[in-house]
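With mmCIF, C-alpha atoms inside, this is upload-v5.cif:
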data_entry
loop_
_atom_site.label_atom_id
_atom_site.label_comp_id
_atom_site.auth_asym_id
_atom_site.auth_seq_id
_atom_site.Cartn_x
_atom_site.Cartn_y
_atom_site.Cartn_z
CA MET A 1 32.68 -4.86 10.69
CA SER A 2 31.59 -2.40 8.01
CA ASP A 3 34.22 -0.50 6.02
CA GLN A 4 31.92 2.54 6.12
CA PRO A 5 32.91 5.31 8.51
CA LEU A 6 30.93 5.40 11.72
CA PRO A 7 28.06 7.87 11.21
CA GLN A 8 28.04 10.72 13.68
CA PRO A 9 25.54 13.47 14.53
CA VAL A 10 27.85 16.16 13.16
CA ARG A 11 26.94 18.83 10.60
CA GLY A 12 29.40 21.58 9.79
CA GLY A 13 30.69 22.92 13.09
CA ALA A 14 27.65 21.71 15.06
CA GLY A 15 26.95 18.49 16.93
CA GLY A 16 29.54 16.05 18.15
CA PRO A 17 30.44 12.34 18.26
CA ASP A 18 28.08 9.76 19.74
CA VAL A 19 30.36 7.35 21.64
CA GLY A 20 27.49 5.02 22.55
CA PRO A 21 25.79 2.89 23.51
CA ARG A 22 24.00 3.04 20.15
CA ASN A 23 22.47 0.92 17.40
CA VAL A 24 24.86 1.62 14.54
CA ALA A 25 22.90 -0.47 12.02
CA VAL A 26 19.80 1.65 12.56
CA ASP A 27 21.86 4.85 12.39
CA ARG A 28 23.29 3.78 9.04
CA GLN A 29 19.78 3.15 7.69
CA ASN A 30 18.55 6.54 8.86
CA PRO A 31 21.29 9.09 8.20
CA ASP A 32 18.76 11.93 7.89
CA LEU A 33 17.46 11.21 11.39
CA LEU A 34 20.94 11.03 12.93
CA THR A 35 22.21 14.08 11.04
CA PRO A 36 19.19 15.95 9.66
CA PRO A 37 19.56 18.41 6.78
CA ALA A 38 19.82 22.01 7.95
CA THR A 39 16.40 22.61 6.38
CA ASP A 40 14.72 20.35 8.97
CA SER A 41 13.02 22.34 11.71
CA GLY A 42 10.57 21.81 14.53
CA THR A 43 8.66 18.65 15.39
CA VAL A 44 6.94 16.50 12.78
CA PRO A 45 5.36 13.20 13.92
CA ASN A 46 7.02 9.96 12.84
CA LEU A 47 5.98 9.20 9.23
CA ARG A 48 7.83 5.89 8.73
CA PHE A 49 7.48 2.33 9.98
CA SER A 50 9.02 -0.84 8.57
CA PHE A 51 7.18 -4.12 8.16
CA SER A 52 10.41 -5.64 9.52
CA ASN A 53 9.50 -4.11 12.88
CA SER A 54 5.99 -5.61 12.84
CA HIS A 55 4.88 -8.70 14.74
CA THR A 56 4.55 -11.71 12.40
CA ARG A 57 1.64 -14.13 12.77
CA ILE A 58 2.83 -17.57 11.62
CA GLU A 59 0.28 -20.21 10.57
CA ARG A 60 0.41 -23.58 8.84
CA GLY A 61 0.42 -22.51 5.21
CA GLY A 62 1.74 -18.98 5.52
CA TRP A 63 2.34 -15.84 7.57
CA THR A 64 1.16 -12.26 7.87
CA ARG A 65 2.17 -8.97 9.50
CA GLU A 66 0.56 -5.55 9.54
CA VAL A 67 1.18 -1.81 9.91
CA THR A 68 -1.86 -0.09 11.40
CA GLN A 69 -2.46 3.05 13.41
CA ARG A 70 -1.20 1.06 16.40
CA GLU A 71 2.28 0.83 14.83
CA LEU A 72 2.20 4.21 13.02
CA PRO A 73 -0.13 6.51 15.00
CA ILE A 74 -0.26 9.24 12.34
CA ALA A 75 -1.76 6.77 9.82
CA THR A 76 -5.46 7.29 10.50
CA GLU A 77 -6.88 6.70 7.02
CA LEU A 78 -5.25 3.52 5.71
CA ALA A 79 -3.68 0.34 7.14
CA GLY A 80 -1.58 -2.31 5.43
CA VAL A 81 -0.90 -6.04 5.62
CA ASP A 82 1.99 -8.06 4.16
CA MET A 83 0.89 -11.69 3.68
CA ALA A 84 2.44 -14.82 2.15
CA LEU A 85 0.84 -18.18 1.35
CA GLU A 86 2.53 -21.47 0.53
CA PRO A 87 1.46 -23.29 -2.68
CA GLY A 88 -2.20 -24.29 -2.37
CA ALA A 89 -2.69 -22.55 0.98
CA TYR A 90 -5.80 -20.47 1.68
CA ARG A 91 -6.54 -17.14 3.27
CA GLU A 92 -9.90 -18.45 4.28
CA LEU A 93 -13.34 -17.29 3.17
CA HIS A 94 -14.07 -14.05 5.00
CA TRP A 95 -15.36 -10.50 4.80
CA HIS A 96 -14.76 -7.23 6.63
CA LYS A 97 -16.22 -3.78 7.22
CA GLU A 98 -13.40 -2.15 5.26
CA ALA A 99 -12.66 -2.11 1.52
CA GLU A 100 -9.60 -4.18 0.49
CA TRP A 101 -7.07 -3.08 -2.17
CA ALA A 102 -4.20 -5.46 -2.96
CA TYR A 103 -0.98 -5.63 -4.98
CA VAL A 104 0.76 -8.92 -5.78
CA LEU A 105 4.43 -8.64 -4.81
CA ASN A 106 5.59 -12.13 -5.81
CA GLY A 107 4.08 -15.35 -7.15
CA SER A 108 0.41 -15.88 -8.00
CA CYS A 109 -2.93 -16.75 -6.46
CA ARG A 110 -6.60 -17.32 -7.21
CA ILE A 111 -9.15 -14.90 -5.82
CA GLY A 112 -12.89 -15.38 -5.62
CA ALA A 113 -15.88 -13.36 -4.42
CA VAL A 114 -19.70 -13.21 -4.53
CA ASP A 115 -21.61 -9.94 -4.32
CA GLN A 116 -24.92 -9.07 -2.66
CA GLU A 117 -26.91 -10.29 -5.68
CA GLY A 118 -25.12 -13.62 -5.93
CA ARG A 119 -23.02 -12.54 -8.92
CA ASN A 120 -19.62 -14.18 -8.70
CA PHE A 121 -16.00 -13.51 -9.59
CA LEU A 122 -13.07 -15.91 -9.91
CA ASP A 123 -9.70 -15.11 -11.48
CA ASP A 124 -5.96 -15.59 -11.15
CA VAL A 125 -3.61 -12.71 -10.31
CA ARG A 126 0.16 -12.58 -10.66
CA GLN A 127 3.07 -10.32 -9.74
CA GLY A 128 2.17 -6.73 -10.59
CA ASP A 129 -1.60 -7.32 -10.62
CA LEU A 130 -4.13 -5.63 -8.33
CA TRP A 131 -7.45 -6.61 -6.84
CA PHE A 132 -10.15 -4.70 -5.01
CA PHE A 133 -13.04 -6.00 -2.91
CA PRO A 134 -15.67 -3.52 -1.67
CA LYS A 135 -16.53 -3.53 2.02
CA GLY A 136 -18.71 -6.41 3.12
CA ILE A 137 -18.14 -8.53 -0.01
CA PRO A 138 -17.16 -12.13 0.95
CA HIS A 139 -13.99 -13.41 -0.70
CA HIS A 140 -11.03 -15.76 -0.41
CA ILE A 141 -7.44 -16.08 -1.64
CA GLN A 142 -5.63 -19.30 -2.56
CA ALA A 143 -2.00 -19.56 -3.65
CA LEU A 144 -1.18 -21.20 -6.97
CA GLY A 145 1.76 -23.55 -7.55
CA GLU A 146 4.55 -21.03 -6.89
CA GLY A 147 3.06 -19.57 -3.72
CA VAL A 148 2.33 -15.88 -3.31
CA GLU A 149 3.14 -12.74 -1.32
CA PHE A 150 0.91 -9.68 -1.51
CA LEU A 151 0.23 -6.30 0.04
CA LEU A 152 -3.27 -5.56 1.35
CA VAL A 153 -4.43 -2.00 2.02
CA PHE A 154 -7.64 -1.16 3.94
CA ASP A 155 -9.52 2.15 4.09
CA ASP A 156 -9.29 2.50 7.89
CA GLY A 157 -6.02 3.15 9.72
CA GLY A 158 -7.28 1.29 12.78
CA PHE A 159 -8.16 -1.90 10.87
CA SER A 160 -6.46 -5.13 11.97
CA GLU A 161 -6.26 -8.21 9.77
CA ASN A 162 -6.91 -10.23 12.95
CA SER A 163 -10.45 -8.87 13.24
CA THR A 164 -12.08 -10.10 10.02
CA PHE A 165 -15.36 -12.02 9.80
CA LEU A 166 -14.26 -15.61 9.08
CA MET A 167 -16.57 -18.31 7.74
CA SER A 168 -15.04 -20.94 10.05
CA ASP A 169 -15.49 -18.68 13.08
CA PHE A 170 -19.12 -17.93 12.06
CA PHE A 171 -19.83 -21.68 12.01
CA VAL A 172 -18.11 -22.19 15.38
CA ARG A 173 -20.19 -19.42 16.97
CA THR A 174 -23.55 -20.65 15.61
CA PRO A 175 -25.46 -23.57 17.24
CA LYS A 176 -25.34 -26.70 15.10
CA SER A 177 -29.12 -26.95 15.29
CA VAL A 178 -29.36 -23.53 13.63
CA LEU A 179 -26.78 -24.48 10.98
CA ALA A 180 -28.67 -27.68 10.22
CA LYS A 181 -31.96 -25.81 9.88
CA ASN A 182 -30.39 -23.09 7.72
CA PHE A 183 -28.76 -25.42 5.18
CA GLY A 184 -31.17 -28.37 5.27
CA TRP A 185 -28.61 -30.68 6.86
CA SER A 186 -28.81 -32.88 9.93
CA VAL A 187 -26.91 -32.15 13.12
CA ASP A 188 -25.14 -35.51 12.78
CA GLN A 189 -23.63 -34.38 9.48
CA LEU A 190 -21.84 -31.50 11.21
CA SER A 191 -19.47 -33.46 13.45
CA GLY A 192 -16.42 -32.50 11.38
CA LEU A 193 -16.85 -28.73 11.59
CA PRO A 194 -13.80 -26.71 12.72
CA GLU A 195 -13.46 -26.12 16.46
CA LYS A 196 -11.90 -22.67 15.97
CA GLU A 197 -11.10 -20.19 13.20
CA LYS A 198 -8.80 -21.42 10.41
CA TYR A 199 -7.60 -18.05 9.02
CA ILE A 200 -4.63 -19.39 6.97
CA PHE A 201 -4.44 -23.13 6.32
CA PRO A 202 -2.87 -25.60 3.84
CA GLY A 203 -4.66 -26.86 0.76
CA GLU A 204 -4.13 -28.46 -2.63
CA VAL A 205 -3.03 -26.28 -5.55
CA PRO A 206 -6.26 -25.44 -7.38
CA PRO A 207 -7.01 -26.88 -10.83
CA PRO A 208 -6.90 -24.77 -14.01
CA LEU A 209 -9.16 -21.75 -13.74
CA GLU A 210 -11.82 -23.00 -16.19
CA GLN A 211 -12.28 -26.18 -14.14
CA ASP A 212 -12.89 -24.13 -11.00
CA ARG A 213 -15.49 -21.73 -12.40
CA VAL A 214 -19.04 -21.80 -11.07
CA VAL A 215 -21.87 -20.39 -13.21
CA SER A 216 -24.12 -18.22 -11.04
CA PRO A 217 -27.75 -17.86 -12.14
CA THR A 218 -27.38 -14.10 -11.61
CA GLY A 219 -24.19 -13.89 -13.68
CA ASP A 220 -20.74 -12.41 -13.12
CA VAL A 221 -19.98 -9.26 -11.12
CA PRO A 222 -20.56 -6.25 -13.42
CA ARG A 223 -17.09 -4.76 -12.82
CA THR A 224 -14.02 -6.96 -12.55
CA PHE A 225 -12.23 -6.97 -9.20
CA LYS A 226 -8.86 -7.45 -10.97
CA HIS A 227 -6.56 -4.95 -12.68
CA ARG A 228 -3.26 -5.64 -14.45
CA LEU A 229 -1.21 -2.66 -13.32
CA HIS A 230 2.02 -3.69 -15.05
CA ALA A 231 0.17 -4.07 -18.36
CA GLN A 232 -0.86 -0.43 -18.08
CA ALA A 233 1.31 1.90 -20.18
CA PRO A 234 3.26 4.19 -17.82
CA GLN A 235 3.56 7.94 -18.11
CA ARG A 236 7.24 8.58 -18.87
CA PHE A 237 9.20 11.59 -17.68
CA PRO A 238 12.87 12.55 -17.43
CA GLY A 239 13.79 10.74 -14.23
CA GLY A 240 11.22 7.95 -14.16
CA THR A 241 7.69 6.69 -14.74
CA VAL A 242 4.27 6.83 -13.11
CA ARG A 243 1.27 4.50 -13.39
CA ILE A 244 -1.95 5.85 -11.87
CA VAL A 245 -4.81 3.46 -11.11
CA ASP A 246 -8.10 4.84 -9.86
CA SER A 247 -11.79 4.57 -10.64
CA THR A 248 -11.24 5.96 -14.15
CA ASN A 249 -9.34 2.85 -15.28
CA PHE A 250 -10.24 0.33 -12.52
CA ALA A 251 -13.94 1.00 -12.08
CA ALA A 252 -14.48 -1.40 -9.16
CA SER A 253 -11.94 0.45 -6.99
CA THR A 254 -14.26 3.11 -5.62
CA ALA A 255 -12.63 3.55 -2.19
CA ILE A 256 -8.86 3.46 -2.80
CA CYS A 257 -6.66 4.79 -5.61
CA ALA A 258 -2.92 4.52 -6.15
CA ALA A 259 0.11 5.53 -8.16
CA MET A 260 3.11 3.30 -8.80
CA VAL A 261 6.19 5.52 -9.08
CA GLU A 262 9.58 4.45 -10.43
CA ILE A 263 12.41 6.95 -9.94
CA GLU A 264 15.72 6.46 -11.73
CA PRO A 265 19.02 6.97 -9.87
CA GLY A 266 19.44 10.68 -9.25
CA GLY A 267 15.76 11.35 -9.93
CA LEU A 268 13.13 13.04 -7.78
CA ARG A 269 9.40 12.68 -7.18
CA GLU A 270 8.75 16.38 -7.55
CA LEU A 271 7.78 18.81 -4.80
CA HIS A 272 4.01 18.40 -4.46
CA TRP A 273 1.11 17.80 -2.08
CA HIS A 274 -2.29 16.15 -2.11
CA PRO A 275 -5.17 18.58 -1.60
CA THR A 276 -7.74 16.38 0.14
CA ASP A 277 -6.35 13.05 1.41
CA ASP A 278 -3.48 11.49 3.35
CA GLU A 279 -0.92 9.42 1.44
CA TRP A 280 0.02 5.88 2.53
CA GLN A 281 3.19 4.54 0.89
CA TYR A 282 4.72 1.11 0.41
CA TRP A 283 8.36 0.97 -0.70
CA ILE A 284 8.99 -1.98 -3.04
CA SER A 285 12.66 -1.63 -4.02
CA GLY A 286 15.60 0.76 -3.84
CA ARG A 287 16.32 3.36 -1.19
CA GLY A 288 15.65 7.04 -0.87
CA ARG A 289 14.58 9.85 1.39
CA MET A 290 11.46 11.91 1.79
CA GLY A 291 11.42 15.53 2.90
CA VAL A 292 8.14 16.79 4.36
CA PHE A 293 7.04 20.41 4.92
CA ALA A 294 4.29 20.74 7.54
CA SER A 295 3.81 24.55 7.36
CA SER A 296 4.68 27.10 10.08
CA GLY A 297 8.42 26.63 9.59
CA VAL A 298 8.25 22.91 10.39
CA ALA A 299 9.94 20.25 8.24
CA ARG A 300 11.53 16.80 8.64
CA THR A 301 13.41 14.28 6.50
CA PHE A 302 12.99 10.47 6.59
CA ASP A 303 15.01 7.62 5.03
CA PHE A 304 13.29 4.64 3.39
CA GLN A 305 14.12 1.28 1.88
CA ALA A 306 12.25 -1.79 0.59
CA GLY A 307 9.55 -3.04 2.96
CA ASP A 308 8.96 0.33 4.63
CA VAL A 309 5.67 2.14 5.00
CA GLY A 310 5.49 5.92 4.72
CA TYR A 311 2.67 8.31 5.53
CA VAL A 312 2.06 11.95 4.61
CA PRO A 313 -0.92 13.89 6.04
CA PHE A 314 -2.93 15.70 3.39
CA ALA A 315 -1.68 19.12 2.28
CA TYR A 316 1.87 18.48 3.60
CA GLY A 317 4.35 19.44 0.89
CA HIS A 318 6.91 16.71 0.18
CA TYR A 319 9.43 15.22 -2.23
CA ILE A 320 11.05 11.78 -2.61
CA GLU A 321 14.62 11.45 -3.83
CA ASN A 322 16.35 8.31 -5.11
CA LEU A 323 19.65 8.03 -3.23
CA GLY A 324 20.71 4.65 -4.59
CA ASP A 325 22.20 3.28 -7.80
CA GLU A 326 19.08 1.30 -8.81
CA PRO A 327 15.51 2.35 -9.58
CA LEU A 328 13.41 3.36 -6.58
CA VAL A 329 9.91 1.86 -6.80
CA PHE A 330 7.05 2.60 -4.42
CA LEU A 331 3.26 2.85 -4.24
CA GLU A 332 1.30 5.93 -3.19
CA MET A 333 -2.23 5.08 -1.97
CA PHE A 334 -5.21 7.25 -1.02
CA ARG A 335 -8.64 6.70 0.53
CA LYS A 336 -10.58 8.11 -2.39
CA PRO A 337 -11.71 7.06 -5.89
CA ARG A 338 -9.65 9.56 -7.90
CA PHE A 339 -5.94 10.39 -7.76
CA GLU A 340 -5.09 14.08 -7.24
CA ASP A 341 -1.91 16.00 -6.53
CA ILE A 342 -0.74 19.59 -6.76
CA SER A 343 2.62 20.21 -8.47
CA LEU A 344 4.61 23.12 -7.03
CA ALA A 345 6.35 23.69 -10.37
CA GLN A 346 3.09 23.58 -12.35
CA TRP A 347 1.47 26.08 -9.98
CA MET A 348 4.41 28.46 -10.38
CA ALA A 349 4.51 28.08 -14.18
CA ASN A 350 0.83 28.88 -14.59
CA MET A 351 0.78 32.10 -12.58
CA PRO A 352 2.04 35.53 -13.72
CA ALA A 353 5.83 35.22 -13.65
CA GLU A 354 6.34 38.46 -11.75
CA VAL A 355 4.17 37.20 -8.87
CA ILE A 356 6.39 34.16 -8.37
CA ALA A 357 9.65 36.04 -9.02
CA ASP A 358 8.76 38.70 -6.47
CA THR A 359 7.85 36.06 -3.88
CA ILE A 360 11.02 33.95 -4.02
CA ASN A 361 13.50 36.63 -5.15
CA LEU A 362 14.50 35.00 -8.45
CA PRO A 363 14.78 36.46 -11.96
CA ARG A 364 11.52 36.45 -13.88
CA GLU A 365 13.19 34.61 -16.80
CA MET A 366 13.79 31.57 -14.59
CA ILE A 367 10.09 31.37 -13.78
CA GLU A 368 9.04 31.86 -17.40
CA ALA A 369 11.24 28.92 -18.42
CA LEU A 370 9.37 26.45 -16.20
CA PRO A 371 7.27 23.84 -18.08
CA ARG A 372 3.54 24.42 -17.71
CA GLU A 373 2.60 20.75 -17.80
CA LYS A 374 2.97 18.51 -14.77
CA ARG A 375 6.13 16.38 -14.49
CA PRO A 376 5.67 14.13 -11.46
CA VAL A 377 9.20 12.71 -11.74
CA VAL A 378 12.21 14.88 -12.62
CA ARG A 379 15.93 14.38 -12.94
#
Can you dump the structure from the file as structure tokens?
Amino acid sequence: MSDQPLPQPVRGGAGGPDVGPRNVAVDRQNPDLLTPPATDSGTVPNLRFSFSNSHTRIERGGWTREVTQRELPIATELAGVDMALEPGAYRELHWHKEAEWAYVLNGSCRIGAVDQEGRNFLDDVRQGDLWFFPKGIPHHIQALGEGVEFLLVFDDGGFSENSTFLMSDFFVRTPKSVLAKNFGWSVDQLSGLPEKEKYIFPGEVPPPLEQDRVVSPTGDVPRTFKHRLHAQAPQRFPGGTVRIVDSTNFAASTAICAAMVEIEPGGLRELHWHPTDDEWQYWISGRGRMGVFASSGVARTFDFQAGDVGYVPFAYGHYIENLGDEPLVFLEMFRKPRFEDISLAQWMANMPAEVIADTINLPREMIEALPREKRPVVR
């Protein structure tokens, strides 16, 4: 039994006790759903879904689970996959119609790809690194000696990881006579081909990177598919840090951009919105809440913790507040090459002070004291 008092849907003199039946554990995780702030109003679609509520596909060598538009209907622009591979295991050679952006959560792996001109790419990525593969580019992932867990993000909310184009499945669905003719083999040599897709399967830990490299006659890909996000110097603000990665510093990532935000205890991701694109979030550590303003007097508050996915339709005003006693870390991702947001405070500070003061009934001096530069995280 928890020593915490039983949460109840009571606020001031309104509401009343819920005597059950009820799921108390879920109520404790979502206090702003059980007892919303008085500022909440109207109906906003659900903007939160936890990977812990997703179906897990378990294979020899690893597992995977996803949050798509099926699980979170509002999430039309981006979908996400949480995947783990045992040491040496493969996410098999494949390609898909969507671009793939990835963040390494734990461990390390080797990634490889070949583009439409035969130029190749092979490199190792570790915790805090990113990769990006454009749509249609064939690639694979293989865990190194410590195993790996990573987040994949695709530029289509309806995408499912179970619907990729797999090399093994391509071979299964092609007559052996055609395969033999294509590769210059004999049909007899093809008796050991897989009988079905392999998807995730065990393997040996790969050798050192230099031993694995293949020299393509057309050279390497012109823009690396890897980016070391944690090696990137963060922007520091009172209340936390921000690292933005988009096509300006990760040139290959032309379809998806992101910001990694770290909010200190008591800090706030400022009131803001994104002018052109929906925001897909992945919460890495800590706990907090997000308040969303949907216009027309409509607003709602959601609670989040590690492993959750959040979603904010474009132009919805919102904030994220750290409610815990440790840093709150999450990713904001967008289906576009460049990161953009509009700061409420910066807008107010860069307009005539009397316009703002007259609108919100505050003294002009308070508006004039606002900083004119953007501060994405505040205390």
Shell around Val355 of chain A at 10 Å using only C-alpha atoms, local window under 4 positions removed, as a list in words: Met348, Met351, Thr359, Ile360, Arg364 and Ile367 of chain A
Go ahead and write the residues just picked, C-alpha atoms, as a short mmCIF file (atom, residue, chain, number, x, y, z; two decimals), in the coordinates of the input.
data_model
loop_
_atom_site.label_atom_id
_atom_site.label_comp_id
_atom_site.auth_asym_id
_atom_site.auth_seq_id
_atom_site.Cartn_x
_atom_site.Cartn_y
_atom_site.Cartn_z
CA MET A 348 4.41 28.46 -10.38
CA MET A 351 0.78 32.10 -12.58
CA THR A 359 7.85 36.06 -3.88
CA ILE A 360 11.02 33.95 -4.02
CA ARG A 364 11.52 36.45 -13.88
CA ILE A 367 10.09 31.37 -13.78
#
Local residues around (18.4, 11.8, -6.3), at most 7 Å away, using all atoms listed in the file, as number ranges by chain: A: 265-268, 321-323
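In this comparison, which uses all atoms listed in the file, the residue of A:Glu262, A:Glu149, A:Asp277, A:Glu210 approaching Leu328 of chain A most closely is A:Glu262.
For the file at hand, the PyMOL selection byres ((chain A and resi 55) around 6) resolves to Ser54, Thr56 and Arg65 of chain A.
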Explicit residue set for the PyMOL selection byres ((chain A and resi 378) around 12), as a VMD selection string: chain A and resid 236 to 242 261 to 271 319 to 322 343 345 371 374 to 377 379
Selection under test: the PyMOL selection byres ((chain A and resi 370) around 10); residues as a PyMOL selection string: chain A and resi 345-346+348-350+353+365-369+371-373
Surrounding residues of Glu92 of chain A excluding itself and chain neighbours under 2 positions, 8 Å, all atoms listed in the file, as a VMD selection string: chain A and resid 90 94 140 to 141 166 to 167 198 to 201
Residue nearest Phe302 of chain A - candidates A:Asp32, A:Asp156, A:Asp123, A:Asp27, atoms counted: only C-alpha atoms: A:Asp32
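Atom CA of Ala258 of chain A is found 24.9 Å from atom CA of Gly147 of chain A.
Atom CA of Leu85 of chain A to atom CA of Gly286 of chain A spans 24.6 Å [interatomic distance, one decimal].
Counting all atoms listed in the file and comparing A:Leu362, A:Ala315, A:Ala259, A:Leu344, the residue that lies closest to Glu332 of chain A is A:Ala259.
Relative to atom CA of Glu204 of chain A, atom CA of Phe165 of chain A is found at 23.5 Å.
Distance annotation: of A:Thr39, A:Gln127, A:Thr64, A:Ser168, the residue with the minimal separation from Phe51 of chain A is A:Thr64; atom set is all atoms listed in the file.
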Mind giving me the axis-aligned box for segment 326-343 of chain A with 4 Å on every side, centre plus edges in Å to one decimal, as lines of an AutoDock Vina configuration file?
center_x = 3.7
center_y = 10.8
center_z = -4.5
size_x = 38.8
size_y = 26.9
size_z = 18.1
